[in-house]
Structures are given as structure tokens and as C-alpha cells.
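As C-alpha cells, the structure follows; a few thoughts come after it.
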Amino acid sequence: MTNKEETIVALATPSGSGAIGIIRLSGPDAISIAQSVFKGKDLTQQESHTIHFGNIVDGDMILDEVLASLFVAPRSYTRENVVEISCHGSAYIIESIIKLLIKKGARGAKPGEFTLRAFLNGQMDLSQAEAVADLIASNSKASQQVALQQLRGGFSNQLQTLREQLVQFASLIELELDFSEEDVEFANRDQLKKLTHDITRIIGSLIQSFELGNAIKLGVNTVIAGRPNAGKSTLLNALLNEERAIVSHLPGTTRDTIEEVLNIRGINFRLIDTAGIREATDAIEQIGVQRTMEKINQSALLIYVYDAEQITIEELNQDIANLQKPGISMLIVANKIDLFSDAQVSALPHNENTVLISAKDKVNIDELKNAIYHAAIKYELTGNETLVTNIRHLEALQKTEESLIKVLSGIDSDITSDFLATDIKQALHYLGEITGAVTTDDLLENIFSKFCIGK
Ligand code: GDP
């Protein structure tokens with residue numbers, strides 16, 4: 001996967017031109033290779049965590065004036081010798097320096113290879129390495145916080161503790177196998193049962209946290225639906241505070257769907273405005289209506305908007321009944337309250353969960369944003385909770401849970417130690433897959449190949 005004898009090099013900053021580009025070298029010869037092209041000081045004689053000004057030279061030709069930052073093993077990201085060369089951010093300069101370093105003995109790094117080495121050298125476990133990618137991809141306060149929490153080992157520590165407890169029992173049961181002739185029980189079954197129960201409960205709550213974790217990481221898919229002319233496009237604009245969607249008097253103008261991202265208190269909501277729900281009159285409309293239903297089925301949150309002036313209570317109830325889907329939260333929004341007096345507004349068809357707004361005059365938009373947030377995020381986030389955000393982790397946790405349930409039923413039906421040991425080992429195996437205590441080359445390849453080069 002990676003030959004640690006080799007020194008690797010890659011651009012660590014985005015490609016293209018910028019004020020600065022940072023080229024990263026990691027491996028046993030990182031410092032000597034950097035030194036072979038650096039004129040200024042002797043980098044091989046410098047302390048770790050120091051920065052040095054000098055020129056990068058190719059023979060007699062100066063390529064650039066740079067700063068070289070030195071990290072001596074094991075005090076670096078990869079736990080290897082690392083040199084970061086900060087040069088001027090010209091694509092030409094960067095390419096020339098990298099080519100030169102390769103000529104001097106470095107090898108171009110593969111995607112994620114720096115982080116792979118950090119993992120293989122014990123700098124971080126696998127879930128932390130994955131958090132590096134999540135942190136770089138984070139695009140909202142909440143997704144950044146969850147990734148940071150994972151990177152700092154919150155999730156790993158929790159799993160590690162569970163794993164250690166199970167390992168202890170597994171070894172006691174193994175011991176029983178050695179004494180199988182004598183019918184002894186080293187591992188107290190009641191204690192094992194309690195421990196397995198406790199762990200299963202914690203695993204269960206981690207599995208449950210995925211829904212929220214995933215929403216935070218990827219955003220909450222939110223569909224705005226309602227009859228034509230209810231004011232969906234106007235509402236989308238009011239929420240986004242700009243004129244993005246097309247607003248028109250003709251029913252059915254918003255034929256295709258428009259997707260925008262609305263950030264409420266650190267959570268990204270992917271808002272999808274849809275063609276109106278009603279009996280389609282022409283073929284294009286029909287496609288729109290069909291898409292609306294598809295979009296609703298793929299969403300986590302549905303904002304149903306109606307025109308409080310036009311709709312009858314029967315139509316309202318019918319729409320709500322048609323749109324309600326298990327697993328999808330629904331928020332009901334009565335629009336166009338500007339057309340009514342305060343006294344009339346309270347008499348409009350609505351229930352206590354309805355948010356009354358005027359999209360056109362931007363009345364109660366903040367209240368609506370609050371309601372949207374709470375419809376998706378059911379409790380206050382502290383930023384310290386452990387949330388599962390990764391589908392690979394979710395699957396491993398589900399398999400762990402299955403094995404633990406087998407352990408529990410095994411204890412209940414008094415199965416022999418060897419079967420019990422097999423089930424506990426299975427659970428340990430799946431837990432270990434998350435942190436990388438158990439890995440295969442394929443798994444690592446799969447994870448790190450999704451990283452970009454230089455990471
Ligand atoms: P859509 O078909 O649901 O997307 O509806 P539009 O956003 O295109 O709005 C349809 C019509 O209703 C337009 O003429 C809007 O100006 C009007 N409209 C939207 N919201 C309001 C509102 O809050 N009050 C009033 N009076 N008219 C509105």
C-alpha cells in the first residue's frame with residue numbers, strides 16, 4: 001500500500017495559483033532530499049519545529065525563495081520526517097519544485113498517502129483519519145464540530161473502552177476452553193450478560209445518532225411543496241433572502257426543481273422547491289408532479305405551504321393526508337397572511353403546529369426558520385456529542401449489534417464456551433474495523449483512495 005522506506009511528495013494546498021503553495025515531503029529522506037535543493041542553511045542540522053528561509057535551486061538556477069518548515073520524526077503529522085516547503089503559489093513554480101524533488105529521490109504521493117502513513121504509524125486510528133477528510137469537506141459549523149470531535153478521538157475512545165471490556169471477557173472464555181474437560185466457568189455469565197447489555201445499548205444509541213450525524217454532515221434534504229401559486233418560490237426567496245427562484249402568477253411555472261442551501265444555526269438545509277402538487281394538466285407538468293413525489297420520498301423534511309386565502313379546509317386536510325409519509329417530518333405553513341387582519345388571521349384554517357407567514361412581506365420568516373431547525377434537530381446540540389456520520393461506521397456498528405445479540409441469546413440458552421467465544425470475537429472484529437484495530441488492505445485502499453492527493 002505504501003512503502004515507508006520511500007519519501008513521498010505532493011502539493012498540500014489546492015492546485016492553481018495562489019499567494020502561497022505548500023509542498024509536503026514525508027519519509028526517512030525528507031530532510032536530506034529537501035536539503036539537496038535548498039540553499040540557505042543546512043536543514044539536516046536544524047531542530048524540529050523550526051522554519052528556515054532560503055532558495056530552491058536546480059543546479060545554478062534559482063526556482064523560488066521559500067520557507068522550509070521542519071518536523072523531525074516522530075513529531076510530525078505522519079510521525080516521519082516531514083518538510084513543508086512554502087513557495088510562491090504559481091502552478092509553474094510548484095510543478096518545477098515537485099519535479100525537482102522527485103528527481104532527487106522522492107516519489108509522488110498517492111491520494112491520502114500522508115494520512116495513511118499517519119494511521120499506519122499510530123498517529124491516529126482509522127476513524128480519526130476519516131475525520132480528517134470530513135473536516136476538510138465540512139461546510140457548516142455543525143459538520144465541522146462533529147468532524148473535529150471525531151478527529152480528537154471522542155468516538156474512538158468510546159469504542160476503545162467498549163472493546164477493552166469485551167476483550168477481557170473473551171480472554172476469560174478462551175481460558176475456559178483450555179480447561180474444557182473440567183467444566184469451570186471463569187467468566188461470570190451474569191456479569192457478561194450485563195456487560196453485553198450495556199454495550200449493546202451504547203452501540204444502539206450510536207446507531208441511532210447516524211440519522212442526525214448524517215444530516216449534519218450532508219445537510220437535511222428539505223422539500224417545499226404545495227399547490228401552484230401557494231407561494232413556494234416566494235417563500236424560497238424569502239428564506240434565502242434573494243431573488244433566486246422564478247416567481248410568477250401562472251400556476252405551474254416552477255416546472256423543474258431548484259435546489260438551494262439554507263444554513264440555520266450551523267445546519268445546512270438543502271431546500272428543494274418543486275413543481276406544484278395538483279392534477280397535472282399537461283405532460284411537462286406531469287413530470288414535475290411525479291418528481292415532486294419522488295423528491296418528497298427522498299427528503300427528511302417536508303415544508304407544505306398553502307395559500308390561506310384560497311384553500312378550503314377539505315383541500316387542506318386532503319393535501320396533508322396525501323403528503324404525510326412515515327419517517328418524513330412535515331411542517332405546515334399558511335402563507336399570505338398579509339391579506340388578512342390580525343383578527344382574521346387567527347380564524348384561518350390552521351392548527352397549533354402551523355406556522356403563519358407572509359412570504360411576500362417576510363412576516364414570521366425567523367419563526368419559520370426556527371420551526372425548520374427544530375423539525376430536523378430534535379435536541380440542542382452541544383458540539384461534544386458523539387455522532388456517527390460515516391456509513392462504514394454505521395454498518396460496522398450494526399454488525400457488532402447483531403453479534404452482541406447472538407452473545408446475549410447464547411448466554412440465555414447456555415451455549416458452550418466455544419460458541420460464545422466465536423460470537424464475542426465477531427463483535428470485537430466489527431468494532432475493531434471502525435478504529436482500524438482490524439484492517440485489510442482492501443479496506444484501507446477503499447478509504448484512502450477517496451482522499452485527494454496531498455492529504
Ligand atoms: P408557487 O407557484 O407556489 O411557487 O407561487 P409563487 O411564489 O410563484 O407565488 C404565486 C403568487 O402568489 C405570486 O403572484 C406571488 O407574488 C404571490 N404571493 C406569494 N407569497 C405571497 C404572500 O405572502 N402574500 C401575497 N399577498 N401574495 C403572495
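Please note that chains go A, B, ... in the order of the C-alpha cells, that every chain numbers its residues from 1, and that ligands are numbered from 1 in the order shown.
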
Which parts of stretch 107-335 of chain A does DSSP call strand (DSSP E) when run on the backbone here, written out as a ChimeraX atom specification?
/A:107-108,220-225,258-264,267-273,301-307,329-335

With N, CA and C atoms retained, could you export that selection as an mmCIF file, in the first residue's frame?
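Everything below was put into part.cif:
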data_model
loop_
_atom_site.group_PDB
_atom_site.id
_atom_site.type_symbol
_atom_site.label_atom_id
_atom_site.label_comp_id
_atom_site.auth_asym_id
_atom_site.auth_seq_id
_atom_site.Cartn_x
_atom_site.Cartn_y
_atom_site.Cartn_z
ATOM 1 N N ARG A 107 9.082 10.376 -4.240
ATOM 2 C CA ARG A 107 8.087 9.809 -5.142
ATOM 3 C C ARG A 107 6.778 10.585 -4.952
ATOM 4 N N GLY A 108 6.064 10.790 -6.054
ATOM 5 C CA GLY A 108 4.775 11.490 -5.969
ATOM 6 C C GLY A 108 3.824 10.704 -5.070
ATOM 7 N N VAL A 220 -29.710 18.626 5.500
ATOM 8 C CA VAL A 220 -31.026 17.995 5.630
ATOM 9 C C VAL A 220 -31.793 18.233 4.332
ATOM 10 N N ASN A 221 -32.141 17.155 3.651
ATOM 11 C CA ASN A 221 -32.924 17.306 2.424
ATOM 12 C C ASN A 221 -34.325 17.771 2.774
ATOM 13 N N THR A 222 -34.661 18.937 2.282
ATOM 14 C CA THR A 222 -35.924 19.570 2.652
ATOM 15 C C THR A 222 -36.700 19.938 1.394
ATOM 16 N N VAL A 223 -37.909 19.448 1.303
ATOM 17 C CA VAL A 223 -38.716 19.757 0.122
ATOM 18 C C VAL A 223 -39.768 20.801 0.485
ATOM 19 N N ILE A 224 -39.916 21.802 -0.372
ATOM 20 C CA ILE A 224 -41.021 22.755 -0.214
ATOM 21 C C ILE A 224 -42.079 22.339 -1.225
ATOM 22 N N ALA A 225 -43.249 21.983 -0.746
ATOM 23 C CA ALA A 225 -44.297 21.551 -1.668
ATOM 24 C C ALA A 225 -45.606 22.246 -1.333
ATOM 25 N N ILE A 258 -35.616 23.375 -8.056
ATOM 26 C CA ILE A 258 -34.474 24.248 -7.808
ATOM 27 C C ILE A 258 -33.930 23.833 -6.454
ATOM 28 N N GLU A 259 -32.612 23.719 -6.341
ATOM 29 C CA GLU A 259 -32.059 23.335 -5.042
ATOM 30 C C GLU A 259 -31.145 24.430 -4.510
ATOM 31 N N GLU A 260 -31.371 24.817 -3.268
ATOM 32 C CA GLU A 260 -30.565 25.861 -2.644
ATOM 33 C C GLU A 260 -30.204 25.409 -1.229
ATOM 34 N N VAL A 261 -29.130 25.964 -0.701
ATOM 35 C CA VAL A 261 -28.742 25.586 0.652
ATOM 36 C C VAL A 261 -29.018 26.733 1.614
ATOM 37 N N LEU A 262 -29.769 26.435 2.657
ATOM 38 C CA LEU A 262 -30.086 27.423 3.676
ATOM 39 C C LEU A 262 -29.406 26.969 4.961
ATOM 40 N N ASN A 263 -28.618 27.850 5.563
ATOM 41 C CA ASN A 263 -27.945 27.481 6.801
ATOM 42 C C ASN A 263 -28.693 28.078 7.977
ATOM 43 N N ILE A 264 -29.194 27.215 8.849
ATOM 44 C CA ILE A 264 -29.856 27.711 10.063
ATOM 45 C C ILE A 264 -29.053 27.212 11.254
ATOM 46 N N ILE A 267 -26.597 24.380 10.690
ATOM 47 C CA ILE A 267 -27.028 23.185 9.957
ATOM 48 C C ILE A 267 -27.422 23.590 8.533
ATOM 49 N N ASN A 268 -26.946 22.818 7.563
ATOM 50 C CA ASN A 268 -27.332 23.099 6.181
ATOM 51 C C ASN A 268 -28.625 22.379 5.831
ATOM 52 N N PHE A 269 -29.583 23.139 5.347
ATOM 53 C CA PHE A 269 -30.814 22.551 4.822
ATOM 54 C C PHE A 269 -30.761 22.693 3.316
ATOM 55 N N ARG A 270 -30.889 21.566 2.617
ATOM 56 C CA ARG A 270 -30.927 21.613 1.156
ATOM 57 C C ARG A 270 -32.373 21.784 0.761
ATOM 58 N N LEU A 271 -32.721 22.990 0.349
ATOM 59 C CA LEU A 271 -34.121 23.282 0.048
ATOM 60 C C LEU A 271 -34.414 22.966 -1.399
ATOM 61 N N ILE A 272 -35.444 22.192 -1.596
ATOM 62 C CA ILE A 272 -35.835 21.851 -2.959
ATOM 63 C C ILE A 272 -37.228 22.401 -3.195
ATOM 64 N N ASP A 273 -37.321 23.373 -4.079
ATOM 65 C CA ASP A 273 -38.611 23.923 -4.465
ATOM 66 C C ASP A 273 -39.128 23.002 -5.567
ATOM 67 N N LEU A 301 -37.367 16.225 5.459
ATOM 68 C CA LEU A 301 -38.284 17.239 5.964
ATOM 69 C C LEU A 301 -39.112 17.799 4.807
ATOM 70 N N LEU A 302 -40.403 17.929 5.054
ATOM 71 C CA LEU A 302 -41.293 18.476 4.031
ATOM 72 C C LEU A 302 -41.928 19.751 4.584
ATOM 73 N N ILE A 303 -41.773 20.830 3.837
ATOM 74 C CA ILE A 303 -42.458 22.066 4.217
ATOM 75 C C ILE A 303 -43.646 22.195 3.264
ATOM 76 N N TYR A 304 -44.839 22.019 3.812
ATOM 77 C CA TYR A 304 -46.030 22.118 2.976
ATOM 78 C C TYR A 304 -46.600 23.529 3.128
ATOM 79 N N VAL A 305 -46.674 24.242 2.000
ATOM 80 C CA VAL A 305 -47.145 25.628 2.009
ATOM 81 C C VAL A 305 -48.525 25.704 1.362
ATOM 82 N N TYR A 306 -49.432 26.442 1.991
ATOM 83 C CA TYR A 306 -50.720 26.658 1.321
ATOM 84 C C TYR A 306 -51.110 28.127 1.355
ATOM 85 N N ASP A 307 -51.954 28.476 0.387
ATOM 86 C CA ASP A 307 -52.450 29.844 0.269
ATOM 87 C C ASP A 307 -53.664 29.956 1.193
ATOM 88 N N SER A 329 -40.520 14.278 8.454
ATOM 89 C CA SER A 329 -41.183 15.297 9.279
ATOM 90 C C SER A 329 -41.894 16.281 8.353
ATOM 91 N N MET A 330 -43.041 16.759 8.806
ATOM 92 C CA MET A 330 -43.808 17.683 7.969
ATOM 93 C C MET A 330 -44.092 18.962 8.743
ATOM 94 N N LEU A 331 -43.825 20.061 8.076
ATOM 95 C CA LEU A 331 -44.072 21.365 8.674
ATOM 96 C C LEU A 331 -45.150 22.038 7.833
ATOM 97 N N ILE A 332 -46.192 22.555 8.490
ATOM 98 C CA ILE A 332 -47.300 23.133 7.728
ATOM 99 C C ILE A 332 -47.242 24.653 7.813
ATOM 100 N N VAL A 333 -47.268 25.284 6.660
ATOM 101 C CA VAL A 333 -47.077 26.726 6.605
ATOM 102 C C VAL A 333 -48.252 27.381 5.880
ATOM 103 N N ALA A 334 -48.957 28.265 6.599
ATOM 104 C CA ALA A 334 -50.046 29.031 5.981
ATOM 105 C C ALA A 334 -49.460 30.338 5.463
ATOM 106 N N ASN A 335 -49.602 30.580 4.161
ATOM 107 C CA ASN A 335 -48.978 31.765 3.558
ATOM 108 C C ASN A 335 -50.028 32.837 3.223
#

Pull the alpha helix (DSSP H) assignments for stretch 147-381 of chain A out of DSSP run on the backbone, and list those residues as a count of residues only.
114

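Closest approach to ligand 1 among A:Gly204, A:Gly226, A:Pro28, A:Gly153 is made by A:Gly226 (distances from only C-alpha atoms and all ligand atoms).
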
I'd like the neighbourhood of A:Phe38 as an MDAnalysis selection string, where a residue qualifies if any of its atoms comes within 10 Å (using only C-alpha atoms), though same-chain residues fewer than 3 positions away should be ignored.
chainID A and resid 32:35 41:43 52:58 62 64:68 85

Name the closest residue to A:Ile337 among the candidates A:His393, A:Gly231, A:Leu387, A:Lys295; distances are taken between atoms, counting only C-alpha atoms.
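Between A:His393, A:Gly231, A:Leu387, A:Lys295, the residue approaching A:Ile337 most closely is A:Gly231.
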
In terms of the shortest atom-to-atom distance over only C-alpha atoms and all ligand atoms, which of A:Glu385, A:Asp361, A:Glu5, A:Asp441 is closest to ligand 1?
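For ligand 1, the nearest of the given residues is A:Asp361.
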
What separates atom CA of A:Ile8 and atom CA of A:Arg24 is a distance of 8.1 Å

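Our summary of the geometry notes that atom CA of A:Thr115 is positioned 26.7 Å from atom CA of A:Gln45.
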